[in-house]
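Structure file protein-v5.txt; described as compact mmCIF, C-alpha atoms.
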# COMPACT_ATOMS: atom_id res chain seq x y z
CA MET J 257 16.60 -5.58 -78.14
CA SER J 258 17.98 -8.89 -76.92
CA ALA J 259 17.35 -10.58 -73.59
CA GLY J 260 19.08 -13.42 -71.87
CA THR J 261 19.99 -15.13 -68.61
CA ALA J 262 23.44 -16.41 -69.54
CA TYR J 263 24.82 -15.74 -66.09
CA GLU J 264 26.96 -17.92 -63.85
CA VAL J 265 27.53 -17.68 -60.11
CA ALA J 266 31.13 -16.52 -59.65
CA VAL J 267 31.00 -16.40 -55.85
CA ARG J 268 28.08 -17.74 -53.88
CA ALA J 269 27.74 -15.33 -50.98
CA GLU J 270 25.23 -13.68 -48.69
CA ALA J 271 26.45 -10.10 -48.90
CA GLU J 272 24.03 -7.77 -47.17
CA LEU J 273 24.72 -5.03 -49.71
CA GLY J 274 27.17 -6.30 -52.33
CA GLU J 275 28.45 -3.46 -54.50
CA GLY J 276 31.20 -1.88 -56.55
CA PRO J 277 32.85 -4.61 -58.66
CA THR J 278 36.18 -3.35 -59.99
CA TRP J 279 38.78 -5.23 -62.01
CA ASP J 280 42.25 -4.87 -60.52
CA ALA J 281 44.33 -5.43 -63.65
CA ALA J 282 47.70 -5.34 -61.90
CA ALA J 283 46.68 -8.14 -59.54
CA GLY J 284 44.43 -10.05 -61.97
CA ARG J 285 41.53 -10.09 -59.55
CA LEU J 286 38.09 -8.62 -58.99
CA LEU J 287 37.49 -6.31 -56.05
CA TRP J 288 34.00 -5.91 -54.61
CA ILE J 289 32.47 -4.89 -51.32
CA ASP J 290 29.65 -5.49 -48.87
CA ILE J 291 28.77 -1.96 -47.79
CA LEU J 292 26.71 -2.77 -44.71
CA GLY J 293 28.81 -5.83 -43.88
CA SER J 294 31.93 -3.61 -43.81
CA ARG J 295 33.88 -6.05 -45.95
CA VAL J 296 36.22 -5.84 -48.93
CA HIS J 297 36.20 -8.98 -51.07
CA THR J 298 38.68 -10.16 -53.68
CA TYR J 299 38.15 -12.91 -56.24
CA ASP J 300 40.73 -14.37 -58.63
CA PRO J 301 38.81 -16.05 -61.48
CA ALA J 302 41.91 -17.89 -62.69
CA THR J 303 42.42 -19.78 -59.43
CA GLY J 304 39.10 -19.31 -57.61
CA ARG J 305 41.03 -17.82 -54.69
CA ARG J 306 39.05 -15.43 -52.53
CA SER J 307 39.79 -13.15 -49.61
CA VAL J 308 37.72 -11.03 -47.24
CA ARG J 309 38.94 -8.06 -45.22
CA ARG J 310 36.83 -6.29 -42.63
CA THR J 311 36.79 -2.51 -42.48
CA GLU J 312 36.11 -0.51 -39.33
CA GLN J 313 33.37 1.47 -41.06
CA HIS J 314 30.77 0.91 -43.74
CA VAL J 315 32.62 0.95 -47.05
CA GLY J 316 31.03 2.38 -50.20
CA ALA J 317 33.70 1.57 -52.77
CA VAL J 318 37.19 0.13 -53.21
CA LYS J 319 39.63 0.98 -56.01
CA PRO J 320 43.22 -0.06 -56.77
CA ARG J 321 45.92 2.59 -56.39
CA ALA J 322 48.62 3.40 -58.92
CA GLY J 323 51.42 2.64 -56.48
CA GLY J 324 49.81 -0.47 -55.02
CA GLY J 325 47.30 -0.87 -52.25
CA LEU J 326 43.68 0.23 -52.21
CA ALA J 327 41.60 3.39 -51.88
CA LEU J 328 38.45 3.04 -49.78
CA ASN J 329 35.39 5.28 -49.84
CA LEU J 330 34.39 4.96 -46.19
CA ARG J 331 31.62 6.34 -44.01
CA ASP J 332 33.81 9.20 -42.75
CA GLY J 333 35.87 9.90 -45.87
CA VAL J 334 38.47 8.42 -48.19
CA GLY J 335 41.12 6.14 -46.69
CA LEU J 336 44.16 4.40 -48.13
CA LEU J 337 45.42 0.88 -47.57
CA ASP J 338 49.11 0.59 -48.33
CA PRO J 339 50.48 -2.62 -49.88
CA ASP J 340 51.66 -3.75 -46.42
CA GLY J 341 48.12 -3.38 -45.06
CA THR J 342 48.71 -0.11 -43.19
CA PHE J 343 45.65 2.15 -43.13
CA ARG J 344 45.64 5.96 -43.19
CA TRP J 345 43.11 8.66 -43.96
CA LEU J 346 43.55 10.68 -47.14
CA HIS J 347 40.54 12.85 -46.41
CA ARG J 348 38.36 12.55 -43.31
CA GLU J 349 35.10 14.48 -43.03
CA PRO J 350 32.53 12.69 -40.86
CA VAL J 351 28.93 13.90 -41.17
CA PRO J 352 26.37 12.42 -38.75
CA GLY J 353 23.82 10.27 -40.55
CA ARG J 354 25.80 10.14 -43.80
CA ARG J 355 27.87 7.37 -45.36
CA ALA J 356 29.92 6.72 -48.46
CA ASN J 357 28.43 5.07 -51.51
CA ASP J 358 29.65 4.27 -55.02
CA ALA J 359 32.84 5.81 -56.46
CA ALA J 360 34.75 5.74 -59.75
CA VAL J 361 38.18 6.73 -61.00
CA ALA J 362 38.26 9.32 -63.78
CA PRO J 363 40.63 9.21 -66.76
CA ASP J 364 43.00 11.59 -64.92
CA GLY J 365 43.23 9.28 -61.89
CA ALA J 366 41.01 11.33 -59.57
CA LEU J 367 38.41 9.54 -57.43
CA TRP J 368 34.83 10.69 -57.86
CA ALA J 369 33.36 9.65 -54.52
CA GLY J 370 29.66 9.66 -53.68
CA THR J 371 27.84 9.92 -50.38
CA MET J 372 24.25 9.55 -49.17
CA ARG J 373 22.31 9.78 -45.95
CA TYR J 374 21.34 6.53 -44.30
CA ASP J 375 17.71 7.68 -44.52
CA GLU J 376 18.21 8.56 -48.23
CA ALA J 377 16.91 12.09 -47.65
CA PRO J 378 16.89 14.21 -50.82
CA GLY J 379 19.83 16.58 -50.97
CA GLY J 380 21.66 14.78 -48.18
CA GLY J 381 24.36 13.32 -50.42
CA THR J 382 27.21 14.65 -52.52
CA LEU J 383 29.56 13.76 -55.34
CA SER J 384 33.15 14.92 -54.79
CA ARG J 385 36.34 14.84 -56.82
CA VAL J 386 39.30 13.65 -54.74
CA THR J 387 42.81 13.99 -56.17
CA GLY J 388 45.82 11.91 -55.27
CA ASP J 389 47.13 14.50 -52.82
CA GLY J 390 43.84 14.57 -50.91
CA THR J 391 42.40 17.76 -52.39
CA VAL J 392 38.61 17.52 -52.34
CA GLU J 393 36.12 19.47 -54.43
CA VAL J 394 32.38 18.95 -54.00
CA VAL J 395 31.05 18.75 -57.56
CA LEU J 396 27.38 18.01 -56.83
CA ASP J 397 25.89 18.96 -53.47
CA ASP J 398 22.20 18.16 -53.95
CA VAL J 399 22.15 14.37 -54.29
CA ALA J 400 19.95 11.75 -52.63
CA VAL J 401 21.67 8.43 -53.41
CA SER J 402 24.91 8.99 -55.34
CA ASN J 403 25.54 5.92 -57.45
CA GLY J 404 26.98 4.81 -60.79
CA THR J 405 29.61 7.01 -62.45
CA GLY J 406 31.55 6.30 -65.64
CA TRP J 407 33.20 7.87 -68.68
CA SER J 408 32.83 7.41 -72.42
CA PRO J 409 35.69 5.75 -74.33
CA ASP J 410 36.99 9.13 -75.54
CA GLY J 411 36.73 10.64 -72.05
CA ARG J 412 34.48 13.47 -73.21
CA LEU J 413 31.30 12.35 -71.46
CA MET J 414 30.57 11.39 -67.86
CA TYR J 415 27.52 9.31 -66.96
CA TYR J 416 26.01 9.57 -63.49
CA ILE J 417 23.12 8.14 -61.47
CA ASP J 418 21.26 9.64 -58.51
CA SER J 419 19.07 6.58 -57.99
CA PRO J 420 15.72 8.08 -56.88
CA THR J 421 15.57 10.18 -60.06
CA ARG J 422 15.18 6.95 -62.08
CA ARG J 423 17.57 8.48 -64.64
CA VAL J 424 21.00 8.02 -66.03
CA ASP J 425 22.31 11.52 -66.67
CA VAL J 426 25.21 12.54 -68.89
CA PHE J 427 27.59 15.49 -68.59
CA ASP J 428 30.21 16.94 -70.85
CA TYR J 429 33.60 16.24 -69.22
CA ALA J 430 36.92 18.00 -69.70
CA GLU J 431 39.97 18.32 -67.46
CA GLY J 432 38.17 17.23 -64.31
CA ARG J 433 35.14 19.48 -64.87
CA ILE J 434 31.57 18.62 -65.78
CA SER J 435 28.91 20.71 -67.49
CA GLY J 436 25.72 20.44 -69.51
CA ARG J 437 23.86 17.89 -67.39
CA ARG J 438 21.04 16.22 -69.33
CA PRO J 439 19.05 12.96 -69.22
CA PHE J 440 20.61 10.02 -71.06
CA ALA J 441 18.13 7.24 -70.19
CA GLU J 442 15.09 6.93 -67.96
CA ILE J 443 14.00 3.81 -66.10
CA GLU J 444 10.27 3.36 -66.30
CA GLU J 445 8.07 2.83 -63.26
CA GLY J 446 8.05 -0.80 -62.17
CA ALA J 447 11.45 -1.66 -63.68
CA GLY J 448 13.45 -0.83 -60.56
CA PHE J 449 15.90 1.96 -59.80
CA PRO J 450 19.21 2.55 -61.59
CA ASP J 451 22.17 1.75 -59.34
CA GLY J 452 25.74 1.10 -60.52
CA LEU J 453 26.91 1.44 -64.11
CA THR J 454 29.82 0.67 -66.39
CA VAL J 455 30.71 1.84 -69.90
CA ASP J 456 32.04 -0.61 -72.49
CA ALA J 457 34.53 -0.15 -75.33
CA GLU J 458 31.69 0.59 -77.78
CA GLY J 459 30.43 3.41 -75.58
CA CYS J 460 27.38 1.47 -74.42
CA VAL J 461 26.25 2.04 -70.84
CA TRP J 462 25.38 -0.98 -68.67
CA VAL J 463 23.08 -0.20 -65.74
CA ALA J 464 22.24 -2.41 -62.75
CA LEU J 465 18.60 -2.22 -61.62
CA TRP J 466 17.86 -2.26 -57.89
CA GLN J 467 14.47 -3.98 -57.42
CA GLY J 468 14.63 -4.75 -61.12
CA SER J 469 16.33 -8.19 -61.25
CA ALA J 470 18.35 -7.15 -64.28
CA VAL J 471 21.21 -5.32 -65.93
CA ARG J 472 20.40 -3.22 -68.98
CA ARG J 473 22.66 -2.03 -71.79
CA TYR J 474 21.96 1.27 -73.51
CA THR J 475 23.58 2.34 -76.78
CA PRO J 476 25.55 5.61 -76.93
CA GLY J 477 22.35 7.16 -78.25
CA GLY J 478 20.42 6.12 -75.14
CA GLU J 479 18.46 3.26 -76.73
CA LEU J 480 17.86 0.11 -74.70
CA ASP J 481 19.30 -2.82 -76.65
CA ARG J 482 20.04 -5.63 -74.18
CA VAL J 483 18.69 -6.98 -70.90
CA ILE J 484 20.40 -9.55 -68.68
CA GLU J 485 17.89 -11.05 -66.25
CA LEU J 486 19.02 -12.32 -62.85
CA PRO J 487 17.36 -14.56 -60.24
CA VAL J 488 17.53 -11.93 -57.48
CA PRO J 489 15.72 -8.58 -57.17
CA LEU J 490 18.44 -6.33 -55.76
CA VAL J 491 21.00 -5.95 -58.54
CA THR J 492 23.50 -3.29 -57.51
CA ALA J 493 26.43 -2.80 -59.90
CA CYS J 494 28.37 -4.25 -62.82
CA ALA J 495 31.88 -4.08 -64.27
CA PHE J 496 33.93 -5.85 -66.91
CA GLY J 497 36.79 -8.03 -65.77
CA GLY J 498 39.01 -10.93 -66.69
CA PRO J 499 42.30 -10.69 -68.58
CA ASP J 500 40.56 -9.52 -71.77
CA LEU J 501 37.84 -7.47 -70.00
CA THR J 502 35.12 -9.51 -71.68
CA ASP J 503 33.33 -10.92 -68.63
CA LEU J 504 30.63 -8.83 -66.94
CA TYR J 505 30.66 -9.16 -63.14
CA ILE J 506 27.47 -8.25 -61.28
CA THR J 507 27.00 -7.64 -57.56
CA THR J 508 23.73 -8.15 -55.67
CA ALA J 509 22.22 -7.58 -52.24
CA ARG J 510 19.79 -9.10 -49.76
CA THR J 511 19.24 -6.25 -47.31
CA GLY J 512 15.60 -5.63 -46.39
CA LEU J 513 14.29 -8.75 -48.11
CA ALA J 514 11.89 -10.71 -45.90
CA SER J 515 12.62 -13.95 -47.75
CA PRO J 516 15.84 -13.50 -49.76
CA PRO J 517 16.28 -15.82 -52.75
CA ALA J 518 19.04 -18.37 -52.30
CA LEU J 519 21.52 -16.45 -54.46
CA ALA J 520 20.78 -12.96 -53.13
CA GLY J 521 24.06 -11.30 -52.18
CA SER J 522 26.12 -13.42 -54.57
CA LEU J 523 28.58 -12.25 -57.23
CA PHE J 524 27.47 -13.20 -60.74
CA VAL J 525 29.37 -13.22 -64.03
CA VAL J 526 28.25 -13.21 -67.67
CA PRO J 527 31.19 -14.62 -69.66
CA GLY J 528 31.82 -12.95 -72.99
CA ALA J 529 29.18 -10.27 -72.43
CA GLY J 530 31.14 -7.59 -74.28
CA LYS J 531 34.39 -5.68 -74.11
CA GLY J 532 35.14 -3.39 -71.21
CA LEU J 533 37.39 -0.36 -70.95
CA PRO J 534 40.63 -0.50 -68.94
CA GLN J 535 40.01 1.35 -65.69
CA PRO J 536 42.71 3.69 -64.38
CA PRO J 537 43.90 3.19 -60.80
CA PHE J 538 43.51 5.97 -58.28
CA ALA J 539 46.46 8.35 -58.47
CA GLY J 540 46.87 8.55 -54.68
Entire entry expressed as structure tokens:
Amino acid sequence: MSAGTAYEVAVRAEAELGEGPTWDAAAGRLLWIDILGSRVHTYDPATGRRSVRRTEQHVGAVKPRAGGGLALNLRDGVGLLDPDGTFRWLHREPVPGRRANDAAVAPDGALWAGTMRYDEAPGGGTLSRVTGDGTVEVVLDDVAVSNGTGWSPDGRLMYYIDSPTRRVDVFDYAEGRISGRRPFAEIEEGAGFPDGLTVDAEGCVWVALWQGSAVRRYTPGGELDRVIELPVPLVTACAFGGPDLTDLYITTARTGLASPPALAGSLFVVPGAGKGLPQPPFAG
């Protein structure tokens, strides 16, 4: 196993709950969010240009759309931003005490959108499959904190994290269906909780550790083989970006910290960390 701290600060920020980095290949920019700050951030590494857009609700995830614009996993459902900035709901289903969390786009272009209760009550969250026409199917209905979701390079496996379990689970995946849930990797006591994840071109799974100050890489066989240490405790998610998908972007948070470190809530990058997989845009 190798360890290292070869990170750089891509965007110095004070996001309350930075999350969900996603490379928008069509626009050549990174998308990320501040869930509790109700903000969608963009960052262009080529120019350093940044933008911030407020949302009217807490936002759990943002993904590019095939026809342009953005899909937002919001407190009350999935909304769409058109290229001209017009907002509309694709699916609205408000549940008192519940909000959106992490989401991912499957190989077929469907959005797998997670939810959780604000109090993180067991069984209060879900994982749903949302198609481009707004059809919604609840896939998992007994989740506490729905988090990282990703697919193997051949599209035959889906990885998933319900954070309080301290596990990364893996499913068999075919034609929008999952089966055969089983543990892939377990995070030991004291190392934090698994949060967001991404899968690289070699099939390795990178996992951000909330309260763990690190990102870990696991081989396709579930063996820990690399640790990237960070100077902040609340590491939330990671994704490959840049024109060659070789730079690992990492989001962090500062919520609940009595004395947040100076860089808590910033966006980090590890140049040349590996090789990511192209991520499909949402089909809606």
Counting all atoms listed in the file, what is within 8 Å of segment 375-390 of chain J, bar same-chain residues fewer than 6 positions away, as a JSON list (two decimals) with C-alpha atoms, in the coordinates of the input?
[["chain", "number", "residue", "atom", "x", "y", "z"],
["J", 346, "LEU", "CA", 43.55, 10.68, -47.14],
["J", 347, "HIS", "CA", 40.54, 12.85, -46.41],
["J", 353, "GLY", "CA", 23.82, 10.27, -40.55],
["J", 354, "ARG", "CA", 25.80, 10.14, -43.80],
["J", 365, "GLY", "CA", 43.23, 9.28, -61.89],
["J", 366, "ALA", "CA", 41.01, 11.33, -59.57],
["J", 367, "LEU", "CA", 38.41, 9.54, -57.43],
["J", 368, "TRP", "CA", 34.83, 10.69, -57.86],
["J", 369, "ALA", "CA", 33.36, 9.65, -54.52],
["J", 396, "LEU", "CA", 27.38, 18.01, -56.83],
["J", 397, "ASP", "CA", 25.89, 18.96, -53.47],
["J", 398, "ASP", "CA", 22.20, 18.16, -53.95],
["J", 399, "VAL", "CA", 22.15, 14.37, -54.29],
["J", 400, "ALA", "CA", 19.95, 11.75, -52.63],
["J", 401, "VAL", "CA", 21.67, 8.43, -53.41],
["J", 402, "SER", "CA", 24.91, 8.99, -55.34],
["J", 538, "PHE", "CA", 43.51, 5.97, -58.28],
["J", 539, "ALA", "CA", 46.46, 8.35, -58.47],
["J", 540, "GLY", "CA", 46.87, 8.55, -54.68]]
Between atom CA of Ala317 of chain J and atom CA of Gly333 of chain J, what is the spacing in Å?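 Between these atoms lies a distance of 11.0 Å.
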If I take atom CA of Gly406 of chain J and atom CA of Arg348 of chain J, how far is one from the other in Å, to one decimal?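 These atoms are spaced 24.2 Å apart.
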Quote the spacing between atom CA of Asn403 of chain J and atom CA of Gly370 of chain J in Å to one decimal place.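 Result for atom CA of Asn403 of chain J versus atom CA of Gly370 of chain J: 6.7 Å, one decimal.
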Between J:Leu336, J:Glu458, J:Thr371, J:Arg472, which is the closest to Val351 of chain J once you count only C-alpha atoms?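 For Val351 of chain J, the nearest of the candidates is J:Thr371.
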Give me the residues within 9 Å of segment 280-288 of chain J as an MDAnalysis selection string, counting all atoms listed in the file and dropping any in the same chain fewer than 5 places off. chainID J and resid 274:275 295:302 317:320 324 497:499 505 507 523 534:535 537
Those selected residues, please, written with C-alpha atoms and delivered as a PDB file, keeping the file's coordinate frame.
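What landed in result_35.pdb:
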ATOM      1  CA  GLY J 274      27.170  -6.300 -52.330  1.00  0.00           C
ATOM      2  CA  GLU J 275      28.450  -3.460 -54.500  1.00  0.00           C
ATOM      3  CA  ARG J 295      33.880  -6.050 -45.950  1.00  0.00           C
ATOM      4  CA  VAL J 296      36.220  -5.840 -48.930  1.00  0.00           C
ATOM      5  CA  HIS J 297      36.200  -8.980 -51.070  1.00  0.00           C
ATOM      6  CA  THR J 298      38.680 -10.160 -53.680  1.00  0.00           C
ATOM      7  CA  TYR J 299      38.150 -12.910 -56.240  1.00  0.00           C
ATOM      8  CA  ASP J 300      40.730 -14.370 -58.630  1.00  0.00           C
ATOM      9  CA  PRO J 301      38.810 -16.050 -61.480  1.00  0.00           C
ATOM     10  CA  ALA J 302      41.910 -17.890 -62.690  1.00  0.00           C
ATOM     11  CA  ALA J 317      33.700   1.570 -52.770  1.00  0.00           C
ATOM     12  CA  VAL J 318      37.190   0.130 -53.210  1.00  0.00           C
ATOM     13  CA  LYS J 319      39.630   0.980 -56.010  1.00  0.00           C
ATOM     14  CA  PRO J 320      43.220  -0.060 -56.770  1.00  0.00           C
ATOM     15  CA  GLY J 324      49.810  -0.470 -55.020  1.00  0.00           C
ATOM     16  CA  GLY J 497      36.790  -8.030 -65.770  1.00  0.00           C
ATOM     17  CA  GLY J 498      39.010 -10.930 -66.690  1.00  0.00           C
ATOM     18  CA  PRO J 499      42.300 -10.690 -68.580  1.00  0.00           C
ATOM     19  CA  TYR J 505      30.660  -9.160 -63.140  1.00  0.00           C
ATOM     20  CA  THR J 507      27.000  -7.640 -57.560  1.00  0.00           C
ATOM     21  CA  LEU J 523      28.580 -12.250 -57.230  1.00  0.00           C
ATOM     22  CA  PRO J 534      40.630  -0.500 -68.940  1.00  0.00           C
ATOM     23  CA  GLN J 535      40.010   1.350 -65.690  1.00  0.00           C
ATOM     24  CA  PRO J 537      43.900   3.190 -60.800  1.00  0.00           C
TER      25      PRO J 537
END
Of the residues J:Gly448, J:Gly276, J:Gly325, J:Gly530, which is the one nearest to Thr508 of chain J, using only C-alpha atoms?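 Answer, going by the shortest atom-to-atom distance: J:Gly276.
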Excluding Ser419 of chain J and residues on its chain fewer than 4 positions from it, collect all residues at most 6 Å away from it, counting all atoms listed in the file, and give them as a list in words.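 The contact residues come out as Val401, Phe449, Pro450 and Asp451 of chain J.
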List every protein, DNA or RNA residue that has an atom no more than 12 Å from (35.1, -9.0, -43.8) in the file's coordinate frame, counting all atoms listed in the file, and report them as number ranges by chain. J: 270-272, 274, 288-298, 306-315
From J:Leu330, J:Ala493, J:Ala441, J:Leu480, residue lying nearest Thr421 of chain J [all atoms listed in the file]: J:Ala441
Rank J:Tyr429, J:Gly304, J:Ile417, J:Leu326 by their smallest atom-to-atom distance to Ala362 of chain J, using only C-alpha atoms, and report the top residue only.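 With only C-alpha atoms as the atom set, the closest residue is J:Tyr429.
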Residues at most 9 Å from Gly468 of chain J, counting all atoms listed in the file, excluding those fewer than 6 positions away in the same chain, as a list in words?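 My reading of the contact set: Gly446, Ala447, Gly448, Phe449, Pro450, Glu485, Leu486, Val488, Pro489, Leu490 and Val491 of chain J.
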Which residue out of J:Arg510, J:Arg422, J:Lys531, J:Arg438 has the minimum interatomic distance to Thr454 of chain J when all atoms listed in the file are used? J:Lys531
Pick from J:Thr475, J:Val463, J:Thr492, J:Arg423: nearest to Thr511 of chain J, with all atoms listed in the file counted?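 Checking each of J:Thr475, J:Val463, J:Thr492, J:Arg423 against Thr511 of chain J, counting all atoms listed in the file, the winner is J:Thr492.
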Which residues are near segment 430-433 of chain J? Cut-off 8 Å, only C-alpha atoms, ignore same chain within fewer than 3 positions. Put them as an MDAnalysis selection string. chainID J and resid 362 364 411:412
